[in-house]
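Source file: input-v3.cif; contents: mmCIF, N, CA and C atoms and all ligand atoms.
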```
data_final
#
loop_
_atom_site.label_atom_id
_atom_site.label_comp_id
_atom_site.auth_asym_id
_atom_site.auth_seq_id
_atom_site.Cartn_x
_atom_site.Cartn_y
_atom_site.Cartn_z
N MET A 1 -17.76 -47.80 41.08
CA MET A 1 -18.32 -48.72 42.09
C MET A 1 -19.32 -47.99 43.00
N LYS A 2 -18.95 -46.74 43.35
CA LYS A 2 -19.85 -45.93 44.19
C LYS A 2 -21.19 -45.71 43.46
N ASP A 3 -21.09 -45.46 42.14
CA ASP A 3 -22.30 -45.26 41.34
C ASP A 3 -23.19 -46.49 41.35
N ARG A 4 -22.55 -47.68 41.24
CA ARG A 4 -23.31 -48.94 41.21
C ARG A 4 -24.05 -49.13 42.53
N ILE A 5 -23.35 -48.81 43.65
CA ILE A 5 -23.99 -48.97 44.97
C ILE A 5 -25.16 -47.98 45.10
N ALA A 6 -24.95 -46.75 44.60
CA ALA A 6 -26.03 -45.75 44.65
C ALA A 6 -27.22 -46.22 43.82
N SER A 7 -26.94 -46.79 42.65
CA SER A 7 -28.01 -47.26 41.78
C SER A 7 -28.80 -48.38 42.45
N PHE A 8 -28.10 -49.28 43.15
CA PHE A 8 -28.76 -50.34 43.91
C PHE A 8 -29.66 -49.73 44.99
N GLY A 9 -29.16 -48.67 45.63
CA GLY A 9 -29.94 -47.97 46.66
C GLY A 9 -31.20 -47.36 46.08
N HIS A 10 -31.10 -46.79 44.86
CA HIS A 10 -32.30 -46.21 44.23
C HIS A 10 -33.34 -47.29 43.96
N ALA A 11 -32.85 -48.44 43.50
CA ALA A 11 -33.78 -49.55 43.22
C ALA A 11 -34.47 -50.00 44.52
N LEU A 12 -33.71 -50.04 45.62
CA LEU A 12 -34.33 -50.44 46.90
C LEU A 12 -35.35 -49.41 47.35
N THR A 13 -35.05 -48.12 47.09
CA THR A 13 -36.00 -47.06 47.43
C THR A 13 -37.30 -47.26 46.65
N GLY A 14 -37.18 -47.61 45.36
CA GLY A 14 -38.36 -47.85 44.53
C GLY A 14 -39.16 -49.04 45.05
N LEU A 15 -38.45 -50.10 45.42
CA LEU A 15 -39.13 -51.29 45.94
C LEU A 15 -39.86 -50.97 47.25
N LYS A 16 -39.16 -50.20 48.11
CA LYS A 16 -39.76 -49.81 49.39
C LYS A 16 -41.04 -48.99 49.14
N TYR A 17 -40.97 -48.07 48.19
CA TYR A 17 -42.14 -47.24 47.86
C TYR A 17 -43.30 -48.12 47.40
N THR A 18 -43.00 -49.07 46.51
CA THR A 18 -44.05 -49.97 45.99
C THR A 18 -44.70 -50.75 47.14
N LEU A 19 -43.85 -51.33 48.00
CA LEU A 19 -44.39 -52.20 49.05
C LEU A 19 -45.14 -51.41 50.12
N LEU A 20 -44.72 -50.16 50.35
CA LEU A 20 -45.36 -49.37 51.40
C LEU A 20 -46.64 -48.68 50.94
N THR A 21 -46.75 -48.42 49.63
CA THR A 21 -47.88 -47.60 49.17
C THR A 21 -48.92 -48.37 48.35
N GLN A 22 -48.56 -49.54 47.84
CA GLN A 22 -49.49 -50.24 46.94
C GLN A 22 -50.16 -51.42 47.65
N PRO A 23 -51.46 -51.30 47.93
CA PRO A 23 -52.17 -52.39 48.62
C PRO A 23 -52.03 -53.74 47.91
N ASN A 24 -52.05 -53.73 46.56
CA ASN A 24 -51.92 -55.01 45.84
C ASN A 24 -50.56 -55.64 46.09
N ALA A 25 -49.51 -54.81 46.15
CA ALA A 25 -48.16 -55.34 46.41
C ALA A 25 -48.11 -55.94 47.81
N GLN A 26 -48.81 -55.30 48.75
CA GLN A 26 -48.81 -55.82 50.13
C GLN A 26 -49.55 -57.16 50.19
N ILE A 27 -50.65 -57.26 49.41
CA ILE A 27 -51.38 -58.53 49.37
C ILE A 27 -50.48 -59.63 48.77
N HIS A 28 -49.78 -59.28 47.68
CA HIS A 28 -48.90 -60.27 47.04
C HIS A 28 -47.78 -60.70 48.00
N LEU A 29 -47.26 -59.74 48.76
CA LEU A 29 -46.20 -60.07 49.71
C LEU A 29 -46.74 -60.99 50.81
N ALA A 30 -47.97 -60.70 51.26
CA ALA A 30 -48.58 -61.54 52.30
C ALA A 30 -48.79 -62.96 51.77
N ILE A 31 -49.27 -63.07 50.51
CA ILE A 31 -49.48 -64.40 49.92
C ILE A 31 -48.14 -65.13 49.80
N PHE A 32 -47.10 -64.39 49.37
CA PHE A 32 -45.77 -64.99 49.23
C PHE A 32 -45.28 -65.54 50.58
N THR A 33 -45.53 -64.77 51.66
CA THR A 33 -45.12 -65.23 53.00
C THR A 33 -45.85 -66.53 53.37
N CYS A 34 -47.15 -66.59 53.06
CA CYS A 34 -47.92 -67.82 53.33
C CYS A 34 -47.38 -68.99 52.51
N VAL A 35 -47.03 -68.71 51.23
CA VAL A 35 -46.51 -69.76 50.36
C VAL A 35 -45.17 -70.28 50.90
N LEU A 36 -44.34 -69.35 51.44
CA LEU A 36 -43.07 -69.79 52.03
C LEU A 36 -43.33 -70.75 53.19
N GLY A 37 -44.33 -70.38 54.02
CA GLY A 37 -44.68 -71.23 55.16
C GLY A 37 -45.18 -72.60 54.69
N ALA A 38 -46.05 -72.58 53.68
CA ALA A 38 -46.60 -73.84 53.16
C ALA A 38 -45.48 -74.68 52.54
N GLY A 39 -44.57 -74.02 51.82
CA GLY A 39 -43.45 -74.74 51.20
C GLY A 39 -42.57 -75.41 52.24
N TRP A 40 -42.35 -74.71 53.35
CA TRP A 40 -41.55 -75.27 54.44
C TRP A 40 -42.30 -76.46 55.05
N HIS A 41 -43.61 -76.29 55.24
CA HIS A 41 -44.43 -77.36 55.83
C HIS A 41 -44.39 -78.63 54.96
N PHE A 42 -44.49 -78.45 53.64
CA PHE A 42 -44.57 -79.59 52.73
C PHE A 42 -43.20 -80.07 52.26
N SER A 43 -42.13 -79.47 52.78
CA SER A 43 -40.76 -79.85 52.38
C SER A 43 -40.62 -79.94 50.86
N LEU A 44 -40.79 -78.82 50.20
CA LEU A 44 -40.74 -78.80 48.74
C LEU A 44 -39.37 -79.22 48.21
N GLU A 45 -39.39 -79.67 46.96
CA GLU A 45 -38.13 -80.00 46.28
C GLU A 45 -37.44 -78.71 45.85
N ARG A 46 -36.14 -78.84 45.53
CA ARG A 46 -35.38 -77.64 45.16
C ARG A 46 -35.98 -76.94 43.93
N TRP A 47 -36.38 -77.72 42.92
CA TRP A 47 -36.91 -77.09 41.70
C TRP A 47 -38.23 -76.40 41.97
N GLU A 48 -38.97 -76.92 42.95
CA GLU A 48 -40.25 -76.28 43.30
C GLU A 48 -39.99 -74.93 43.98
N TRP A 49 -38.99 -74.89 44.86
CA TRP A 49 -38.61 -73.60 45.48
C TRP A 49 -38.17 -72.61 44.40
N ALA A 50 -37.40 -73.11 43.44
CA ALA A 50 -36.92 -72.23 42.37
C ALA A 50 -38.09 -71.63 41.60
N LEU A 51 -39.09 -72.49 41.30
CA LEU A 51 -40.26 -72.03 40.55
C LEU A 51 -41.04 -71.00 41.36
N ILE A 52 -41.17 -71.25 42.66
CA ILE A 52 -41.92 -70.32 43.51
C ILE A 52 -41.20 -68.96 43.58
N LEU A 53 -39.88 -68.99 43.73
CA LEU A 53 -39.12 -67.72 43.78
C LEU A 53 -39.25 -66.96 42.47
N LEU A 54 -39.20 -67.72 41.35
CA LEU A 54 -39.33 -67.09 40.03
C LEU A 54 -40.72 -66.45 39.89
N ALA A 55 -41.74 -67.19 40.28
CA ALA A 55 -43.12 -66.69 40.16
C ALA A 55 -43.32 -65.46 41.05
N ALA A 56 -42.81 -65.52 42.28
CA ALA A 56 -42.98 -64.38 43.20
C ALA A 56 -42.23 -63.16 42.67
N GLY A 57 -41.04 -63.38 42.14
CA GLY A 57 -40.27 -62.27 41.57
C GLY A 57 -40.99 -61.63 40.40
N LEU A 58 -41.62 -62.47 39.57
CA LEU A 58 -42.39 -61.96 38.42
C LEU A 58 -43.53 -61.06 38.90
N VAL A 59 -44.26 -61.52 39.91
CA VAL A 59 -45.43 -60.78 40.38
C VAL A 59 -45.01 -59.45 41.03
N ILE A 60 -44.03 -59.51 41.93
CA ILE A 60 -43.60 -58.27 42.61
C ILE A 60 -42.94 -57.33 41.60
N GLY A 61 -42.19 -57.90 40.65
CA GLY A 61 -41.56 -57.07 39.61
C GLY A 61 -42.61 -56.39 38.74
N ALA A 62 -43.65 -57.14 38.35
CA ALA A 62 -44.73 -56.55 37.54
C ALA A 62 -45.44 -55.45 38.33
N GLU A 63 -45.61 -55.70 39.62
CA GLU A 63 -46.26 -54.70 40.48
C GLU A 63 -45.42 -53.42 40.53
N ALA A 64 -44.11 -53.57 40.60
CA ALA A 64 -43.23 -52.39 40.62
C ALA A 64 -43.32 -51.63 39.29
N MET A 65 -43.33 -52.38 38.16
CA MET A 65 -43.46 -51.72 36.85
C MET A 65 -44.82 -51.01 36.75
N ASN A 66 -45.85 -51.65 37.27
CA ASN A 66 -47.20 -51.05 37.25
C ASN A 66 -47.20 -49.74 38.06
N THR A 67 -46.53 -49.76 39.21
CA THR A 67 -46.46 -48.56 40.04
C THR A 67 -45.71 -47.45 39.30
N ALA A 68 -44.65 -47.83 38.59
CA ALA A 68 -43.89 -46.83 37.81
C ALA A 68 -44.77 -46.22 36.73
N VAL A 69 -45.53 -47.07 36.02
CA VAL A 69 -46.40 -46.56 34.94
C VAL A 69 -47.48 -45.65 35.53
N GLU A 70 -48.07 -46.06 36.65
CA GLU A 70 -49.10 -45.23 37.30
C GLU A 70 -48.55 -43.87 37.70
N THR A 71 -47.35 -43.89 38.28
CA THR A 71 -46.74 -42.64 38.75
C THR A 71 -46.44 -41.71 37.58
N LEU A 72 -45.85 -42.28 36.53
CA LEU A 72 -45.53 -41.46 35.35
C LEU A 72 -46.79 -40.95 34.67
N THR A 73 -47.81 -41.79 34.62
CA THR A 73 -49.07 -41.38 33.99
C THR A 73 -49.69 -40.22 34.76
N ASP A 74 -49.66 -40.31 36.10
CA ASP A 74 -50.23 -39.22 36.91
C ASP A 74 -49.44 -37.92 36.71
N LEU A 75 -48.13 -38.07 36.46
CA LEU A 75 -47.30 -36.88 36.23
C LEU A 75 -47.62 -36.24 34.87
N VAL A 76 -47.69 -37.10 33.86
CA VAL A 76 -47.87 -36.61 32.49
C VAL A 76 -49.32 -36.21 32.23
N SER A 77 -50.26 -36.95 32.82
CA SER A 77 -51.67 -36.70 32.52
C SER A 77 -52.51 -36.76 33.80
N PRO A 78 -52.38 -35.74 34.65
CA PRO A 78 -53.17 -35.75 35.89
C PRO A 78 -54.67 -35.64 35.60
N GLU A 79 -54.99 -35.02 34.46
CA GLU A 79 -56.41 -34.91 34.07
C GLU A 79 -56.82 -36.18 33.33
N PHE A 80 -58.16 -36.39 33.20
CA PHE A 80 -58.64 -37.60 32.54
C PHE A 80 -58.25 -37.59 31.06
N HIS A 81 -57.70 -38.70 30.61
CA HIS A 81 -57.41 -38.86 29.18
C HIS A 81 -57.52 -40.36 28.85
N PRO A 82 -58.21 -40.71 27.75
CA PRO A 82 -58.37 -42.13 27.43
C PRO A 82 -57.04 -42.87 27.31
N LEU A 83 -56.02 -42.20 26.77
CA LEU A 83 -54.72 -42.88 26.62
C LEU A 83 -54.06 -43.12 27.98
N ALA A 84 -54.25 -42.17 28.90
CA ALA A 84 -53.70 -42.35 30.26
C ALA A 84 -54.37 -43.56 30.90
N GLY A 85 -55.68 -43.65 30.73
CA GLY A 85 -56.41 -44.79 31.28
C GLY A 85 -55.95 -46.09 30.66
N ARG A 86 -55.73 -46.07 29.34
CA ARG A 86 -55.29 -47.30 28.67
C ARG A 86 -53.92 -47.74 29.18
N ALA A 87 -53.01 -46.76 29.33
CA ALA A 87 -51.66 -47.10 29.83
C ALA A 87 -51.77 -47.78 31.19
N LYS A 88 -52.61 -47.22 32.06
CA LYS A 88 -52.76 -47.81 33.40
C LYS A 88 -53.41 -49.19 33.33
N ASP A 89 -54.42 -49.31 32.47
CA ASP A 89 -55.11 -50.61 32.35
C ASP A 89 -54.15 -51.69 31.84
N VAL A 90 -53.35 -51.33 30.82
CA VAL A 90 -52.43 -52.33 30.25
C VAL A 90 -51.35 -52.71 31.28
N ALA A 91 -50.86 -51.70 32.01
CA ALA A 91 -49.85 -52.00 33.05
C ALA A 91 -50.45 -52.91 34.11
N ALA A 92 -51.71 -52.63 34.48
CA ALA A 92 -52.37 -53.48 35.48
C ALA A 92 -52.58 -54.90 34.94
N SER A 93 -52.80 -55.01 33.63
CA SER A 93 -53.02 -56.34 33.06
C SER A 93 -51.74 -57.18 33.15
N ALA A 94 -50.58 -56.52 33.12
CA ALA A 94 -49.32 -57.26 33.26
C ALA A 94 -49.26 -57.93 34.64
N VAL A 95 -49.72 -57.19 35.66
CA VAL A 95 -49.73 -57.76 37.01
C VAL A 95 -50.71 -58.94 37.07
N LEU A 96 -51.87 -58.75 36.42
CA LEU A 96 -52.88 -59.82 36.43
C LEU A 96 -52.33 -61.09 35.78
N ILE A 97 -51.67 -60.93 34.62
CA ILE A 97 -51.12 -62.10 33.91
C ILE A 97 -50.10 -62.82 34.78
N CYS A 98 -49.17 -62.04 35.36
CA CYS A 98 -48.13 -62.67 36.20
C CYS A 98 -48.76 -63.35 37.42
N SER A 99 -49.78 -62.69 38.01
CA SER A 99 -50.42 -63.27 39.20
C SER A 99 -51.13 -64.57 38.86
N LEU A 100 -51.83 -64.60 37.71
CA LEU A 100 -52.55 -65.82 37.33
C LEU A 100 -51.58 -66.96 37.05
N SER A 101 -50.46 -66.64 36.38
CA SER A 101 -49.52 -67.73 36.08
C SER A 101 -48.83 -68.20 37.36
N ALA A 102 -48.59 -67.27 38.29
CA ALA A 102 -48.00 -67.68 39.58
C ALA A 102 -48.98 -68.55 40.35
N ALA A 103 -50.27 -68.17 40.31
CA ALA A 103 -51.29 -68.98 41.00
C ALA A 103 -51.37 -70.37 40.37
N GLY A 104 -51.26 -70.43 39.03
CA GLY A 104 -51.29 -71.72 38.34
C GLY A 104 -50.11 -72.59 38.76
N ALA A 105 -48.93 -72.00 38.81
CA ALA A 105 -47.74 -72.75 39.24
C ALA A 105 -47.91 -73.24 40.68
N GLY A 106 -48.48 -72.36 41.52
CA GLY A 106 -48.72 -72.73 42.92
C GLY A 106 -49.68 -73.90 43.03
N LEU A 107 -50.71 -73.90 42.18
CA LEU A 107 -51.68 -75.00 42.20
C LEU A 107 -51.00 -76.33 41.82
N PHE A 108 -50.17 -76.29 40.76
CA PHE A 108 -49.47 -77.51 40.34
C PHE A 108 -48.61 -78.06 41.48
N ILE A 109 -47.98 -77.16 42.23
CA ILE A 109 -47.06 -77.60 43.29
C ILE A 109 -47.83 -78.06 44.53
N PHE A 110 -48.85 -77.29 44.93
CA PHE A 110 -49.46 -77.55 46.24
C PHE A 110 -50.71 -78.44 46.19
N TRP A 111 -51.44 -78.39 45.06
CA TRP A 111 -52.73 -79.11 45.03
C TRP A 111 -52.60 -80.59 45.37
N PRO A 112 -51.64 -81.34 44.75
CA PRO A 112 -51.54 -82.77 45.09
C PRO A 112 -51.24 -82.98 46.57
N ARG A 113 -50.47 -82.11 47.16
CA ARG A 113 -50.13 -82.26 48.59
C ARG A 113 -51.34 -81.95 49.47
N ILE A 114 -52.11 -80.94 49.06
CA ILE A 114 -53.30 -80.59 49.84
C ILE A 114 -54.31 -81.73 49.78
N ILE A 115 -54.47 -82.31 48.58
CA ILE A 115 -55.39 -83.45 48.41
C ILE A 115 -54.96 -84.61 49.32
N ASN A 116 -53.66 -84.82 49.43
CA ASN A 116 -53.13 -85.92 50.24
C ASN A 116 -53.42 -85.76 51.72
N LEU A 117 -53.74 -84.53 52.13
CA LEU A 117 -54.02 -84.29 53.56
C LEU A 117 -55.35 -84.90 53.96
N PHE A 118 -56.21 -85.13 52.96
CA PHE A 118 -57.58 -85.61 53.29
C PHE A 118 -57.75 -87.10 53.01
N1 LIG B 1 -55.72 -39.87 34.09
C1 LIG B 1 -56.58 -40.86 33.80
N2 LIG B 1 -57.28 -40.82 32.66
C2 LIG B 1 -58.15 -41.83 32.34
N3 LIG B 1 -58.39 -42.90 33.11
C3 LIG B 1 -57.70 -43.01 34.27
C4 LIG B 1 -56.78 -41.99 34.69
N4 LIG B 1 -56.27 -42.37 35.89
C5 LIG B 1 -56.84 -43.54 36.18
N5 LIG B 1 -57.70 -43.94 35.24
C6 LIG B 1 -58.51 -45.19 35.20
O1 LIG B 1 -58.74 -45.61 36.55
C7 LIG B 1 -58.11 -46.88 36.78
C8 LIG B 1 -57.53 -46.91 38.18
O2 LIG B 1 -56.48 -45.94 38.22
P1 LIG B 1 -55.66 -45.66 39.53
O3 LIG B 1 -54.64 -44.66 39.27
O4 LIG B 1 -56.62 -45.41 40.66
O5 LIG B 1 -54.97 -47.03 39.74
P2 LIG B 1 -55.15 -47.95 40.99
O6 LIG B 1 -56.60 -48.33 41.18
O7 LIG B 1 -54.46 -47.28 42.12
O8 LIG B 1 -54.39 -49.20 40.46
P3 LIG B 1 -53.69 -50.27 41.37
O9 LIG B 1 -54.83 -50.90 42.11
O10 LIG B 1 -53.00 -51.18 40.38
O11 LIG B 1 -52.72 -49.53 42.24
C9 LIG B 1 -57.06 -47.03 35.68
O12 LIG B 1 -56.78 -48.40 35.41
C10 LIG B 1 -57.76 -46.33 34.51
O13 LIG B 1 -58.70 -47.18 33.89
#
```
Could you take the file, read its structure, and then write that structure out as structure tokens?
Amino acid sequence: MKDRIASFGHALTGLKYTLLTQPNAQIHLAIFTCVLGAGWHFSLERWEWALILLAAGLVIGAEAMNTAVETLTDLVSPEFHPLAGRAKDVAASAVLICSLSAAGAGLFIFWPRIINLF
């Protein structure tokens, strides 16, 4: 049980590192905070909240994996190498894919409500 708690602590340390050092993660967190505010304003349905939480988790999770790949790549290949660059590019593309699909889900949820404001 002590090991499990320690392992949870390590994961929180990793998350803290990602959020404190990665500008993209901070931007995603800021957007997520705005989406929470908008969701509260528009009184979203339960399934819409579930979708938003899932999308936000995907984006922040992908960002954490991207940070892990970047860190490992810098350790293994501090000098320029095409494969190191490819690893970083592919990891970054995972964040892009998750962000685009989260933005798409957000549009489906919020666009009709935003249109109704006018
Ligand atoms: N060791 C390397 N060898 C070859 N190309 C590299 C190397 N390190 C970085 N690159 C290239 O530079 C790009 C940016 O790498 P960098 O480590 O600066 O990531 P970053 O800009 O901090 O990414 P993020 O914005 O996701 O944090 C990589 O996607 C890759 O194309």
Given only N, CA and C atoms and all ligand atoms, how would the per-residue table for chain A near ligand LIG 1 (chain B) read, listing every residue at most 6 Å away with its closest atom pair and distance in Å to one decimal, sorted by chain and number, as a tab-separated table?
```
residue	atom	partner	partner_atom	distance
A:Gln22	CA	B:LIG1	O11	5.7
A:Asn24	N	B:LIG1	O9	6.0
A:Glu70	CA	B:LIG1	O3	5.9
A:Ser77	C	B:LIG1	N1	4.5
A:Pro78	C	B:LIG1	N1	4.6
A:Glu79	C	B:LIG1	N1	3.9
A:Phe80	CA	B:LIG1	N2	3.5
A:His81	N	B:LIG1	N2	3.0
A:Pro82	N	B:LIG1	C2	4.7
A:Leu83	N	B:LIG1	C2	6.0
A:Ala84	C	B:LIG1	N2	4.4
A:Gly85	CA	B:LIG1	N3	3.3
A:Arg86	N	B:LIG1	O13	5.5
A:Lys88	C	B:LIG1	O12	4.0
A:Asp89	N	B:LIG1	O12	3.9
A:Ala92	CA	B:LIG1	O10	5.4
```
Discussion item. List as a PyMOL selection string the protein and nucleic acid residues near stretch 28-40 of chain A, meaning an atom at most 8 Å away when only C-alpha atoms are counted, but skip any in the same chain fewer than 5 places from it.
Written reply: chain A and resi 49+56+59-60
Discussion item. For a test of reading the model, state the distance in Å between atom CA of A:His41 and atom CA of A:Asn116, rounded to one decimal.
Written reply: 13.4 Å
Using all atoms listed in the file, what does the table of stretch 40-81 of chain A residues within 8 Å of stretch 99-113 of chain A look like, with each row giving the shortest atom pair and its distance in Å to one decimal, sorted by chain and ascending number, as a tab-separated table?
```
residue	atom	partner	partner_atom	distance
A:Phe42	CA	A:Arg113	CA	7.4
A:Glu48	CA	A:Ile109	CA	6.9
A:Leu51	C	A:Ala105	CA	7.2
A:Ile52	CA	A:Gly106	N	7.2
A:Leu54	C	A:Ala102	CA	7.4
A:Ala55	CA	A:Ala102	CA	5.0
A:Ala56	N	A:Ala102	CA	6.2
A:Leu58	C	A:Ser99	N	6.5
A:Val59	CA	A:Ser99	N	5.3
A:Ile60	N	A:Ser99	N	7.7
A:Ala62	CA	A:Ser99	N	8.0
```
Next, write the just-selected residues to a file, as a CSV table (one decimal), in the frame of the given file, keeping N, CA and C atoms as the atom set.
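Saved result, selection_35.csv, follows:
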```
chain,number,residue,atom,x,y,z
A,42,PHE,N,-44.5,-78.4,53.6
A,42,PHE,CA,-44.6,-79.6,52.7
A,42,PHE,C,-43.2,-80.1,52.3
A,48,GLU,N,-39.0,-76.9,43.0
A,48,GLU,CA,-40.2,-76.3,43.3
A,48,GLU,C,-40.0,-74.9,44.0
A,51,LEU,N,-39.1,-72.5,41.3
A,51,LEU,CA,-40.3,-72.0,40.6
A,51,LEU,C,-41.0,-71.0,41.4
A,52,ILE,N,-41.2,-71.2,42.7
A,52,ILE,CA,-41.9,-70.3,43.5
A,52,ILE,C,-41.2,-69.0,43.6
A,54,LEU,N,-39.2,-67.7,41.4
A,54,LEU,CA,-39.3,-67.1,40.0
A,54,LEU,C,-40.7,-66.4,39.9
A,55,ALA,N,-41.7,-67.2,40.3
A,55,ALA,CA,-43.1,-66.7,40.2
A,55,ALA,C,-43.3,-65.5,41.0
A,56,ALA,N,-42.8,-65.5,42.3
A,56,ALA,CA,-43.0,-64.4,43.2
A,56,ALA,C,-42.2,-63.2,42.7
A,58,LEU,N,-41.6,-62.5,39.6
A,58,LEU,CA,-42.4,-62.0,38.4
A,58,LEU,C,-43.5,-61.1,38.9
A,59,VAL,N,-44.3,-61.5,39.9
A,59,VAL,CA,-45.4,-60.8,40.4
A,59,VAL,C,-45.0,-59.4,41.0
A,60,ILE,N,-44.0,-59.5,41.9
A,60,ILE,CA,-43.6,-58.3,42.6
A,60,ILE,C,-42.9,-57.3,41.6
A,62,ALA,N,-43.6,-57.1,38.4
A,62,ALA,CA,-44.7,-56.6,37.5
A,62,ALA,C,-45.4,-55.4,38.3
```
Discussion item. If I take atom C of A:Thr18 and atom C of A:Thr67, how far is one from the other in Å, to one decimal?
Written reply: 8.6 Å
Worksheet item: In Å, with one decimal, what is the gap from atom CA of A:Val90 to atom CA of A:Ala64?
Response: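 Between these atoms lies a distance of 13.9 Å.
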Practice prompt. Find, counting only C-alpha atoms, the residue in A:Ala91, A:Ala50, A:Ile114, A:Ile5 that gets nearest to A:Ala68.
Written response: A:Ala91
